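S.K.: The structure under discussion is supplied below as structure tokens; questions concerning it will follow.
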Amino acid sequence: MARNETDIFGEELNEAQHAAATFEGKHLLVLAGAGSGKTRTIIARARYLLQKGVTEDRIRILSFTNKSADEIVSRILREVGSMSQGGLRGQTFHSWCYEIIRNHPEFFAQSAWTLLPPEEIASCIGFVRGVCIPEGAACPKNSEIATIYGRVLNTRCSLTRAMHFVLDGRDTEGDENMNRDPGFVERKANVSTVIQAFIDYKAEHQLIDYDDMLDIVAQTMDADADARRVISGEVDHILVDEMQDTNRLQYDVLLKFVEGSHLFCVGDDAQSIYAFRGADFESIHGFTSLVPDAKVIRLETNYRSTQAVLDVSNWLLGQSPLHYDKHLHAVRNGGRLPTVINWTTPDDQARDIVQKIQKAVADGGNYADHLVLARKNYELNDVCRYCTAQKIPYQIFGGIVLLECAHILDLLTTFRIVANYRDELAWIRYLKSFRGIGDALASRIVLTILSGSDLETGLAAAQRQNIIPQQAVSAIKAVKTYETQPGTAIVEALRGMESALIEKYAQSWIYRKKDFDALAELASQSPDIAAFVGEYLMNKAIFDIKLGPLETTTDVVTLSTIHSAKGLEAKSVYVVNVTNGNWPDARNCLEEADREEERRCLYVALTRAKDELYIYRKLRSGVRASAKKNLLAKGDDYFLADLPSALVEEMTILKQGVIVGNQNQKPMSNRPALKPRFNFD
DNA sequence: AGGCGCACTTTTTTT
DNA sequence: AAGTGCGCCT
């Protein structure tokens, strides 16, 4: 479609973005480099479709997190105006499939089943292993089996390969050698038995876990032509963000919609950082062969960063032995050289970041212009501390969210029990929070309770046998009374469990206690307990953001892990602890693929910066970097070792506030952009 | 036996 | 901060 005066986009899109947004073919893959206007293009696409008369409910927007999906949707609605009745949906693959299963009892036996909370999978496995393999048998830990199970489902690989990956950190083809090792064969047999029992258990108790949902949708649509027709008939356009993080299982779901819908997928292979969840960064290259009739459009102009920032990012990527199909160029020439800052103690690092932010704000800047990024979420703790001490407002992404905290999960067992009285796992966790009840007694009590036909009779039976504390009975009954007032129900649950929880959490109780107000507030927004249970499991992060420190002011510094920072950008970016052994992580660098994923992760971090980029690294680390068989033996730095001095300034914090160095004073870079090597074979 | 408490490790990253 | 292992107590 040619541009003309009726074009809704005017000058806001470049040619490639415009071509993508107004694409008229069947399926499109948009390969969008960092800062190339990926989100803007998805939004433009949605606006274009709406403009063309496609109704909101015929469009699905899928992203990797609820947070980013929601953000895209709200930006679209903002730009389109308020004509929406909330028909436009932004979702994750998981919440999408959850909805499909719920809405189609005619195709899915699982429609009314209960979702097995992810943090409960390991204990469920522990529960079934007790009855199917002998104690002390050669078998991985429950949590490892849970990971193995997820791995097999998400990547569609063999059990052997998944075990090799999870237990040994290696992901290789060729199972023969493994299967010749008698020890491995024994472990594998046990894992098989446990997983089989786990699958049976879930079916018997009408439970599905996150990954099961995707698989069940894909399977059903595969086998049942009616289901395929009806379900894929509910949507015309599927817009997928972060396509590079899509794994085999998600791909499988998507492929079922190829016939009936239009796919519009946006991604960047160089920003693929979810291999641990089964994403394969190369799978995006297979798009055109998997999806018939697909076209590809590339966005290669970076609008976000200065050339100086992009030079370092491109250099990093160019150092990779892998080949990324990338030719990013910046529209913003020059810019301040990024700074590498060496430190000796984490405090030096945190202090320096905070001082830089304070100075920028004192000079008239905003807190919101600053973004602190870390590989692991605990690395943000020091920065947090300094921000608090200096009264710098901040928000933090990543890490354990409220709804994953142990005390919250403990309390919510009452909700799960009321929502589904036969939820054995919820019962066990609930009962175990009372003094004197451990695994064995809890199992016995549950057995008695479930012998009844409903909650009332079950509880009565347990009371008759005198095996259940009165407190445990009355708390559940109280919660049950307020089934349609979840906010009040939380208060009741807390009243019933408080004394038990105080004992359990001892000193940390004073910190945990205050979370329950927020939880009650949150729950009160749902119509009833069952709805809340279903919703919170699908949307934990969103709830957390709602409760976060955001309310006070919007001008805040953002602290985030890279994985939670997808799509974020800021004028000034501080990347924390880019030190060999930490980044790449010493435990995750056995294979080149692991190290390269870490590199992509760093690439994502660097490309968040618009104007100023600070890379922090620990001085003299890596001396003993070879804990993992010298795989990191590339001097003190794995990633930054050969960084050309012309690309950055370098400084060293010697001790409190004393900064030396400036080994490179050149303020501006006006050299032509470095381009990554590219294999044209 | 079953539950508890203490000391110890172990943690990436997320739906 | 939460899970694991082990010895002690009821």
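Each chain in the structure tokens gets a letter, A, B and so on, in the order shown; residues start at 1 in every chain, and ligands are counted from 1 in the order they appear.
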Considering only C-alpha atoms (C1' of nucleotides), extract the chain A residues located within 10 Å of chain C and return them as a ChimeraX atom specification.

M.R.: /A:141,143,405-406

S.K.: Please produce an output containing C-alpha atoms for each residue in the selection, written as a PDB file, in the first residue's frame.

M.R.:
```
ATOM      1  CA  LYS A 141      15.664 -34.260  43.271  1.00  0.00           C
ATOM      2  CA  SER A 143      12.734 -29.941  41.592  1.00  0.00           C
ATOM      3  CA  CYS A 405       6.330 -15.689  48.724  1.00  0.00           C
ATOM      4  CA  ALA A 406       6.032 -18.616  51.090  1.00  0.00           C
TER       5      ALA A 406
END
```

S.K.: Could you tell me which residues of chain B sit within 7 Å of chain A when counting only C-alpha atoms (C1' of nucleotides), and give me the result as a PyMOL selection string?

M.R.: chain B and resi 2-3+12-13+15

S.K.: From the DSSP assignment of the backbone, select every residue of region 415-604 of chain A that is helix (DSSP H, G or I), and format the answer as a PyMOL selection string.

M.R.: chain A and resi 415-419+424-432+439-451+455-464+470-481+486-513+515-523+529-538+540-547+549-551+586-588+592-604

S.K.: Rounded to one decimal place, report the CA of Glu456 (chain A)-CA of Leu116 (chain A) distance in Å.

M.R.: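 Distance reported for this atom pair: 23.6 Å.
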